[in-house]
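Asker: My file is final_2.csv. It has CSV, C-alpha atoms:
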chain,number,residue,atom,x,y,z
A,1,MET,CA,205.0,-23.1,90.1
A,2,PRO,CA,205.3,-25.5,87.2
A,3,VAL,CA,206.0,-24.3,83.7
A,4,LEU,CA,205.9,-25.8,80.3
A,5,ALA,CA,209.3,-26.6,78.7
A,6,SER,CA,210.4,-23.9,76.3
A,7,THR,CA,211.8,-25.6,73.3
A,8,PRO,CA,213.1,-24.4,69.9
A,9,ASP,CA,211.4,-25.0,66.6
A,10,PRO,CA,211.4,-28.7,65.5
A,11,PRO,CA,213.1,-31.0,64.7
A,12,TYR,CA,214.5,-32.1,68.1
A,13,TYR,CA,214.2,-35.2,70.2
A,14,ALA,CA,212.0,-36.2,73.1
A,15,VAL,CA,212.5,-39.1,75.6
A,16,ILE,CA,209.2,-40.2,77.0
A,17,PHE,CA,209.7,-42.0,80.3
A,18,THR,CA,206.6,-43.5,81.8
A,19,SER,CA,206.7,-45.5,85.0
A,20,LEU,CA,204.8,-47.3,87.7
A,21,ARG,CA,206.3,-47.6,91.1
A,22,ASP,CA,205.6,-49.0,94.5
A,23,GLU,CA,205.5,-45.9,96.7
A,24,GLU,CA,207.6,-46.3,99.8
A,25,ALA,CA,208.2,-43.2,102.0
A,26,GLY,CA,211.9,-42.7,102.7
A,27,ASP,CA,213.2,-44.9,100.0
A,28,GLY,CA,215.3,-42.2,98.5
A,29,TYR,CA,213.4,-41.9,95.3
A,30,ASP,CA,212.3,-38.3,95.5
A,31,ALA,CA,215.9,-37.0,96.2
A,32,THR,CA,217.3,-39.0,93.3
A,33,ALA,CA,214.5,-38.0,90.9
A,34,ALA,CA,215.2,-34.4,91.7
A,35,ARG,CA,218.9,-34.8,91.4
A,36,MET,CA,218.5,-36.4,87.9
A,37,ILE,CA,216.4,-33.4,86.8
A,38,GLU,CA,219.1,-31.1,88.1
A,39,LEU,CA,221.9,-33.2,86.4
A,40,ALA,CA,220.1,-33.3,83.1
A,41,HIS,CA,220.0,-29.5,83.0
A,42,GLY,CA,223.8,-29.5,82.8
A,43,GLN,CA,224.1,-32.0,80.0
A,44,PRO,CA,225.1,-30.9,76.5
A,45,GLY,CA,222.1,-30.8,74.2
A,46,PHE,CA,219.5,-30.7,77.0
A,47,LEU,CA,216.5,-28.5,76.0
A,48,GLY,CA,214.0,-28.9,78.8
A,49,VAL,CA,211.9,-31.4,80.8
A,50,GLU,CA,208.4,-31.8,82.0
A,51,THR,CA,207.3,-34.2,84.7
A,52,ALA,CA,204.0,-35.3,86.4
A,53,ARG,CA,203.0,-38.2,88.6
A,54,ASP,CA,199.6,-39.3,89.9
A,55,GLY,CA,199.7,-43.1,90.0
A,56,LEU,CA,201.4,-43.2,86.6
A,57,GLY,CA,204.6,-41.1,86.3
A,58,ILE,CA,205.4,-39.4,83.0
A,59,THR,CA,208.7,-37.5,82.5
A,60,VAL,CA,209.4,-36.1,79.0
A,61,SER,CA,212.9,-34.6,78.4
A,62,TYR,CA,213.9,-32.8,75.3
A,63,TRP,CA,217.2,-32.9,73.5
A,64,THR,CA,218.9,-31.5,70.5
A,65,ASP,CA,219.8,-34.9,69.0
A,66,GLU,CA,220.3,-38.6,69.5
A,67,ALA,CA,224.0,-38.2,70.5
A,68,ALA,CA,222.9,-36.0,73.4
A,69,ILE,CA,220.5,-38.6,74.5
A,70,ALA,CA,223.1,-41.4,74.3
A,71,ALA,CA,225.5,-39.3,76.4
A,72,TRP,CA,222.9,-38.7,79.0
A,73,ARG,CA,221.9,-42.4,79.1
A,74,THR,CA,225.5,-43.4,79.9
A,75,ASP,CA,226.3,-40.7,82.4
A,76,ALA,CA,227.9,-42.4,85.4
A,77,GLU,CA,225.6,-40.9,88.1
A,78,HIS,CA,222.6,-41.5,85.8
A,79,LEU,CA,223.6,-45.1,85.3
A,80,LEU,CA,223.6,-45.7,89.0
A,81,ALA,CA,220.2,-44.1,89.4
A,82,GLN,CA,218.9,-46.4,86.6
A,83,GLU,CA,220.2,-49.4,88.4
A,84,LEU,CA,218.5,-48.3,91.6
A,85,GLY,CA,215.4,-47.7,89.7
A,86,ARG,CA,215.3,-51.2,88.5
A,87,SER,CA,216.3,-52.9,91.7
A,88,ARG,CA,214.4,-50.7,94.1
A,89,TRP,CA,211.9,-48.1,92.8
A,90,TYR,CA,210.1,-49.1,89.7
A,91,ARG,CA,207.6,-51.9,89.2
A,92,SER,CA,207.8,-51.2,85.5
A,93,TYR,CA,208.7,-48.5,83.0
A,94,ALA,CA,208.9,-47.7,79.4
A,95,VAL,CA,211.3,-45.4,77.5
A,96,ARG,CA,210.5,-44.1,74.1
A,97,VAL,CA,212.8,-42.0,72.0
A,98,ALA,CA,211.0,-39.9,69.5
A,99,ARG,CA,211.8,-37.2,66.9
A,100,VAL,CA,209.6,-34.1,67.4
A,101,GLU,CA,208.4,-33.1,64.0
A,102,ARG,CA,205.7,-30.5,64.6
A,103,ALA,CA,204.8,-28.4,67.7
A,104,TYR,CA,202.4,-25.6,68.5
A,105,ASP,CA,201.3,-24.0,71.7
A,106,PHE,CA,198.7,-21.7,73.3
A,107,GLY,CA,198.8,-19.1,76.0
A,108,PRO,CA,201.6,-17.5,78.0
A,109,ASN,CA,204.4,-19.5,79.4
A,110,PRO,CA,206.4,-17.5,81.9
B,1,MET,CA,195.1,-49.1,88.8
B,2,PRO,CA,197.1,-47.2,86.2
B,3,VAL,CA,198.9,-49.1,83.5
B,4,LEU,CA,201.5,-48.3,81.0
B,5,ALA,CA,200.4,-48.1,77.3
B,6,SER,CA,201.1,-51.2,75.4
B,7,THR,CA,202.4,-50.2,72.0
B,8,PRO,CA,203.8,-52.1,69.0
B,9,ASP,CA,207.4,-52.0,67.8
B,10,PRO,CA,208.4,-48.6,66.4
B,11,PRO,CA,208.0,-46.7,64.3
B,12,TYR,CA,204.7,-45.1,65.4
B,13,TYR,CA,203.7,-41.6,66.5
B,14,ALA,CA,203.3,-39.9,69.8
B,15,VAL,CA,201.3,-36.7,70.6
B,16,ILE,CA,202.8,-35.1,73.7
B,17,PHE,CA,200.2,-32.7,75.2
B,18,THR,CA,201.4,-30.7,78.2
B,19,SER,CA,199.2,-28.1,79.9
B,20,LEU,CA,198.8,-25.7,82.8
B,21,ARG,CA,195.3,-24.9,83.9
B,22,ASP,CA,193.6,-22.9,86.5
B,23,GLU,CA,191.8,-25.5,88.6
B,24,GLU,CA,188.2,-24.7,89.2
B,25,ALA,CA,185.9,-27.3,90.8
B,26,GLY,CA,182.8,-28.0,88.8
B,27,ASP,CA,184.0,-26.4,85.6
B,28,GLY,CA,183.3,-29.6,83.6
B,29,TYR,CA,187.0,-30.3,82.9
B,30,ASP,CA,187.3,-33.7,84.4
B,31,ALA,CA,184.2,-35.1,82.6
B,32,THR,CA,185.4,-33.8,79.2
B,33,ALA,CA,188.9,-35.0,79.8
B,34,ALA,CA,187.6,-38.5,80.5
B,35,ARG,CA,185.3,-38.4,77.5
B,36,MET,CA,188.2,-37.4,75.2
B,37,ILE,CA,190.2,-40.4,76.5
B,38,GLU,CA,187.2,-42.7,75.8
B,39,LEU,CA,186.6,-41.2,72.4
B,40,ALA,CA,190.3,-41.5,71.4
B,41,HIS,CA,190.1,-45.2,72.1
B,42,GLY,CA,187.6,-45.6,69.3
B,43,GLN,CA,189.6,-43.7,66.7
B,44,PRO,CA,191.2,-45.5,63.8
B,45,GLY,CA,195.0,-45.8,64.4
B,46,PHE,CA,194.8,-45.2,68.1
B,47,LEU,CA,197.4,-47.3,70.0
B,48,GLY,CA,197.2,-46.1,73.6
B,49,VAL,CA,197.4,-43.2,76.0
B,50,GLU,CA,199.1,-42.3,79.2
B,51,THR,CA,198.2,-39.3,81.4
B,52,ALA,CA,199.3,-37.7,84.7
B,53,ARG,CA,198.7,-34.4,86.3
B,54,ASP,CA,200.2,-32.8,89.4
B,55,GLY,CA,200.4,-29.1,88.7
B,56,LEU,CA,201.6,-29.7,85.2
B,57,GLY,CA,199.5,-32.0,83.1
B,58,ILE,CA,201.0,-34.5,80.6
B,59,THR,CA,199.0,-36.7,78.3
B,60,VAL,CA,200.8,-38.7,75.7
B,61,SER,CA,198.7,-40.5,73.1
B,62,TYR,CA,200.1,-43.0,70.6
B,63,TRP,CA,199.0,-43.4,67.0
B,64,THR,CA,199.9,-45.5,64.0
B,65,ASP,CA,200.6,-42.6,61.7
B,66,GLU,CA,200.2,-38.9,61.0
B,67,ALA,CA,196.9,-39.4,59.2
B,68,ALA,CA,195.3,-40.9,62.3
B,69,ILE,CA,196.5,-37.9,64.3
B,70,ALA,CA,195.1,-35.5,61.8
B,71,ALA,CA,191.7,-37.3,61.8
B,72,TRP,CA,191.6,-37.2,65.6
B,73,ARG,CA,192.5,-33.5,65.7
B,74,THR,CA,189.6,-32.6,63.5
B,75,ASP,CA,187.0,-34.9,65.1
B,76,ALA,CA,183.9,-32.8,65.7
B,77,GLU,CA,183.5,-33.5,69.4
B,78,HIS,CA,187.2,-33.1,70.0
B,79,LEU,CA,187.2,-29.8,68.2
B,80,LEU,CA,184.5,-28.5,70.6
B,81,ALA,CA,186.6,-29.7,73.5
B,82,GLN,CA,189.7,-28.0,72.2
B,83,GLU,CA,187.7,-24.7,71.9
B,84,LEU,CA,186.5,-25.1,75.5
B,85,GLY,CA,190.0,-25.8,76.5
B,86,ARG,CA,191.2,-22.5,75.1
B,87,SER,CA,188.3,-20.4,76.3
B,88,ARG,CA,187.8,-22.0,79.7
B,89,TRP,CA,190.2,-24.5,81.1
B,90,TYR,CA,193.8,-24.0,80.0
B,91,ARG,CA,196.1,-21.1,80.9
B,92,SER,CA,198.6,-22.5,78.4
B,93,TYR,CA,199.5,-25.7,76.6
B,94,ALA,CA,201.9,-27.2,74.1
B,95,VAL,CA,201.3,-30.0,71.6
B,96,ARG,CA,204.3,-31.9,70.1
B,97,VAL,CA,203.9,-34.5,67.4
B,98,ALA,CA,206.8,-36.9,67.4
B,99,ARG,CA,207.8,-40.1,65.6
B,100,VAL,CA,208.8,-42.8,68.0
B,101,GLU,CA,212.0,-44.4,66.7
B,102,ARG,CA,213.2,-46.6,69.6
B,103,ALA,CA,211.5,-48.0,72.7
B,104,TYR,CA,212.4,-50.4,75.5
B,105,ASP,CA,210.8,-51.3,78.8
B,106,PHE,CA,211.3,-53.0,82.1
B,107,GLY,CA,209.1,-55.1,84.3
B,108,PRO,CA,205.6,-56.5,84.0
B,109,ASN,CA,202.8,-54.4,82.6
B,110,PRO,CA,199.4,-56.1,83.2
Have the structure of the file written as structure tokens, please.
Answerer:
Amino acid sequence: MPVLASTPDPPYYAVIFTSLRDEEAGDGYDATAARMIELAHGQPGFLGVETARDGLGITVSYWTDEAAIAAWRTDAEHLLAQELGRSRWYRSYAVRVARVERAYDFGPNP
Amino acid sequence: MPVLASTPDPPYYAVIFTSLRDEEAGDGYDATAARMIELAHGQPGFLGVETARDGLGITVSYWTDEAAIAAWRTDAEHLLAQELGRSRWYRSYAVRVARVERAYDFGPNP
């Protein structure tokens, strides 16, 4: 069951990754996407991640600071996945790095 | 066909809205969600929006500044939709207001 990311009080950082891809069964995308989520969880400064795709894909990951984002961006296995993303999986994508300044929520989040 | 939001050079603002809902066919959610997207497009300071749902829902809207976000948050029709969201549609949600500081992209975005 999906859950919302549980993040501390602001400020912290969000990386908003939005993408369009040409779906091709068996192209290895799903396994690599899952592996990147798993790998991100082990990175210093990682706070959480939320992801959804229906046509457009949106993945928002949360980080303590910009240094943590820079380290994740240059992780060797992640760099390889980024290269495969450009050469094989994504038609187009956008990455936005943003400083979360305010946050509020509603309802239970187990 | 979905497209990525076309936004200006940073800085600008993002509202990251993530939600979990109990799906119930015919509860009016889809019509109201579509109407809110349409209504947002007419707001001063609106720059774009991206949305996806599969289990978890993620909608990221982009705005010129915090004043535009505050005005949208208190729009009368939007306030009513927010109330319905809490009473009827959402199990839980989170809203994060973030200042986009850096952005880059890849590939064509018609």
Asker: For chain A, which residues have at least one atom within 7 Å of chain B, if we go by all atoms listed in the file? Write them as a ChimeraX atom specification, please.
Answerer: /A:2,4,52-58,91-109
Asker: Write out as a PyMOL selection string each polymer residue whose atoms come within 8 Å of region 23-35 of chain B, counting all atoms listed in the file; drop sequence neighbours fewer than 4 positions from it.
Answerer: chain B and resi 39+81+89
Asker: Write out as JSON, numbers by chain which residues come within 10 Å of Phe46 (chain B) when counting all atoms listed in the file, dropping same-chain ones fewer than 3 positions away.
Answerer: {"B": [7, 13, 40, 41, 42, 43, 49, 61, 62, 63, 64, 65, 68, 69, 72]}
Asker: Report, as lines of an AutoDock Vina configuration file, the centre and edge lengths in Å (one decimal) of the axis-aligned box enclosing every listed atom of region 24-39 of chain B, padded by 8 Å on each side.
Answerer:
center_x = 186.5
center_y = -33.7
center_z = 81.6
size_x = 23.4
size_y = 34.0
size_z = 34.4
Asker: Using all atoms listed in the file, which of A:Glu38, A:Pro8, A:Gln82, A:Gly45 sits nearest Ala67 (chain A)?
Answerer: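 Using all atoms listed in the file, Ala67 (chain A) sits closest to A:Gly45.
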Asker: Would you work out the distance separating CA of Ala70 (chain B) from CA of Arg21 (chain B), expressed in Å to one decimal?
Answerer: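 For CA of Ala70 (chain B) relative to CA of Arg21 (chain B), the distance reads 24.5 Å.
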Asker: Return the single residue from B:Leu80, B:Asp75, B:Arg88, B:Gly48 that is closest to Asp22 (chain B), with distances computed using all atoms listed in the file.
Answerer: B:Arg88
Asker: Tell me, in Å to one decimal, how far CA of Asp9 (chain A) is from CA of Glu66 (chain A).
Answerer: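 Pair CA of Asp9 (chain A) / CA of Glu66 (chain A) returns 16.5 Å.
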Asker: Quick one: pull the distance between CA of Leu84 (chain A) and CA of Pro44 (chain A), Å, one decimal.
Answerer: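 Atom-to-atom, CA of Leu84 (chain A) and CA of Pro44 (chain A) are spaced 24.0 Å apart.
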Asker: Emit region 29-42 of chain A of the structure in the block as a file comprising all heavy atoms, as a JSON list (two decimals), in the first residue's frame.
Answerer:
[["chain", "number", "residue", "atom", "x", "y", "z"],
["A", 29, "TYR", "N", 13.42, -0.96, -17.50],
["A", 29, "TYR", "CA", 13.13, 0.28, -16.79],
["A", 29, "TYR", "C", 12.64, 0.04, -15.37],
["A", 29, "TYR", "O", 13.15, 0.64, -14.42],
["A", 29, "TYR", "CB", 12.10, 1.11, -17.56],
["A", 29, "TYR", "CG", 11.64, 2.33, -16.79],
["A", 29, "TYR", "CD1", 12.42, 3.47, -16.78],
["A", 29, "TYR", "CD2", 10.45, 2.32, -16.06],
["A", 29, "TYR", "CE1", 12.04, 4.59, -16.05],
["A", 29, "TYR", "CE2", 10.07, 3.42, -15.33],
["A", 29, "TYR", "CZ", 10.85, 4.56, -15.34],
["A", 29, "TYR", "OH", 10.47, 5.65, -14.61],
["A", 30, "ASP", "N", 11.64, -0.82, -15.23],
["A", 30, "ASP", "CA", 11.00, -1.00, -13.91],
["A", 30, "ASP", "C", 12.01, -1.47, -12.86],
["A", 30, "ASP", "O", 12.00, -0.99, -11.73],
["A", 30, "ASP", "CB", 9.83, -1.99, -14.00],
["A", 30, "ASP", "CG", 8.64, -1.41, -14.77],
["A", 30, "ASP", "OD1", 8.60, -0.17, -14.95],
["A", 30, "ASP", "OD2", 7.78, -2.19, -15.19],
["A", 31, "ALA", "N", 12.87, -2.40, -13.24],
["A", 31, "ALA", "CA", 13.85, -2.92, -12.29],
["A", 31, "ALA", "C", 14.83, -1.82, -11.88],
["A", 31, "ALA", "O", 15.18, -1.69, -10.70],
["A", 31, "ALA", "CB", 14.61, -4.10, -12.90],
["A", 32, "THR", "N", 15.27, -1.03, -12.83],
["A", 32, "THR", "CA", 16.21, 0.04, -12.50],
["A", 32, "THR", "C", 15.54, 1.13, -11.68],
["A", 32, "THR", "O", 16.13, 1.64, -10.71],
["A", 32, "THR", "CB", 16.82, 0.64, -13.78],
["A", 32, "THR", "OG1", 17.53, -0.38, -14.48],
["A", 32, "THR", "CG2", 17.79, 1.78, -13.46],
["A", 33, "ALA", "N", 14.30, 1.47, -12.01],
["A", 33, "ALA", "CA", 13.58, 2.48, -11.24],
["A", 33, "ALA", "C", 13.43, 2.03, -9.78],
["A", 33, "ALA", "O", 13.67, 2.81, -8.84],
["A", 33, "ALA", "CB", 12.20, 2.75, -11.86],
["A", 34, "ALA", "N", 13.07, 0.76, -9.59],
["A", 34, "ALA", "CA", 12.93, 0.24, -8.22],
["A", 34, "ALA", "C", 14.27, 0.23, -7.50],
["A", 34, "ALA", "O", 14.37, 0.56, -6.32],
["A", 34, "ALA", "CB", 12.34, -1.18, -8.27],
["A", 35, "ARG", "N", 15.33, -0.13, -8.22],
["A", 35, "ARG", "CA", 16.67, -0.16, -7.63],
["A", 35, "ARG", "C", 17.11, 1.26, -7.22],
["A", 35, "ARG", "O", 17.73, 1.44, -6.17],
["A", 35, "ARG", "CB", 17.64, -0.76, -8.64],
["A", 35, "ARG", "CG", 19.12, -0.67, -8.26],
["A", 35, "ARG", "CD", 19.47, -1.45, -7.01],
["A", 35, "ARG", "NE", 20.89, -1.29, -6.69],
["A", 35, "ARG", "CZ", 21.39, -1.36, -5.45],
["A", 35, "ARG", "NH1", 20.59, -1.59, -4.43],
["A", 35, "ARG", "NH2", 22.67, -1.19, -5.23],
["A", 36, "MET", "N", 16.78, 2.26, -8.01],
["A", 36, "MET", "CA", 17.18, 3.63, -7.66],
["A", 36, "MET", "C", 16.45, 4.10, -6.39],
["A", 36, "MET", "O", 17.05, 4.78, -5.54],
["A", 36, "MET", "CB", 16.90, 4.60, -8.82],
["A", 36, "MET", "CG", 17.83, 4.44, -10.01],
["A", 36, "MET", "SD", 19.59, 4.57, -9.57],
["A", 36, "MET", "CE", 20.10, 2.84, -9.79],
["A", 37, "ILE", "N", 15.19, 3.73, -6.25],
["A", 37, "ILE", "CA", 14.44, 4.07, -5.03],
["A", 37, "ILE", "C", 15.10, 3.40, -3.82],
["A", 37, "ILE", "O", 15.32, 4.03, -2.78],
["A", 37, "ILE", "CB", 12.97, 3.60, -5.15],
["A", 37, "ILE", "CG1", 12.24, 4.31, -6.31],
["A", 37, "ILE", "CG2", 12.23, 3.77, -3.81],
["A", 37, "ILE", "CD1", 11.65, 5.64, -6.00],
["A", 38, "GLU", "N", 15.46, 2.13, -4.00],
["A", 38, "GLU", "CA", 16.11, 1.38, -2.91],
["A", 38, "GLU", "C", 17.45, 2.01, -2.56],
["A", 38, "GLU", "O", 17.79, 2.21, -1.39],
["A", 38, "GLU", "CB", 16.30, -0.07, -3.38],
["A", 38, "GLU", "CG", 17.02, -0.98, -2.39],
["A", 38, "GLU", "CD", 17.47, -2.29, -3.04],
["A", 38, "GLU", "OE1", 17.22, -2.50, -4.24],
["A", 38, "GLU", "OE2", 18.11, -3.09, -2.32],
["A", 39, "LEU", "N", 18.21, 2.37, -3.59],
["A", 39, "LEU", "CA", 19.55, 2.94, -3.39],
["A", 39, "LEU", "C", 19.46, 4.32, -2.72],
["A", 39, "LEU", "O", 20.26, 4.65, -1.84],
["A", 39, "LEU", "CB", 20.23, 3.05, -4.76],
["A", 39, "LEU", "CG", 21.75, 3.24, -4.82],
["A", 39, "LEU", "CD1", 22.48, 2.08, -4.16],
["A", 39, "LEU", "CD2", 22.19, 3.35, -6.30],
["A", 40, "ALA", "N", 18.47, 5.09, -3.12],
["A", 40, "ALA", "CA", 18.30, 6.43, -2.53],
["A", 40, "ALA", "C", 18.08, 6.33, -1.02],
["A", 40, "ALA", "O", 18.61, 7.14, -0.25],
["A", 40, "ALA", "CB", 17.12, 7.15, -3.19],
["A", 41, "HIS", "N", 17.31, 5.32, -0.60],
["A", 41, "HIS", "CA", 17.04, 5.15, 0.83],
["A", 41, "HIS", "C", 18.31, 5.02, 1.66],
["A", 41, "HIS", "O", 18.31, 5.33, 2.85],
["A", 41, "HIS", "CB", 16.15, 3.91, 1.07],
["A", 41, "HIS", "CG", 14.69, 4.17, 0.89],
["A", 41, "HIS", "ND1", 14.09, 4.20, -0.35],
["A", 41, "HIS", "CD2", 13.70, 4.43, 1.79],
["A", 41, "HIS", "CE1", 12.78, 4.46, -0.20],
["A", 41, "HIS", "NE2", 12.52, 4.60, 1.08],
["A", 42, "GLY", "N", 19.38, 4.53, 1.06],
["A", 42, "GLY", "CA", 20.62, 4.35, 1.82],
["A", 42, "GLY", "C", 21.55, 5.55, 1.77],
["A", 42, "GLY", "O", 22.62, 5.54, 2.37]]
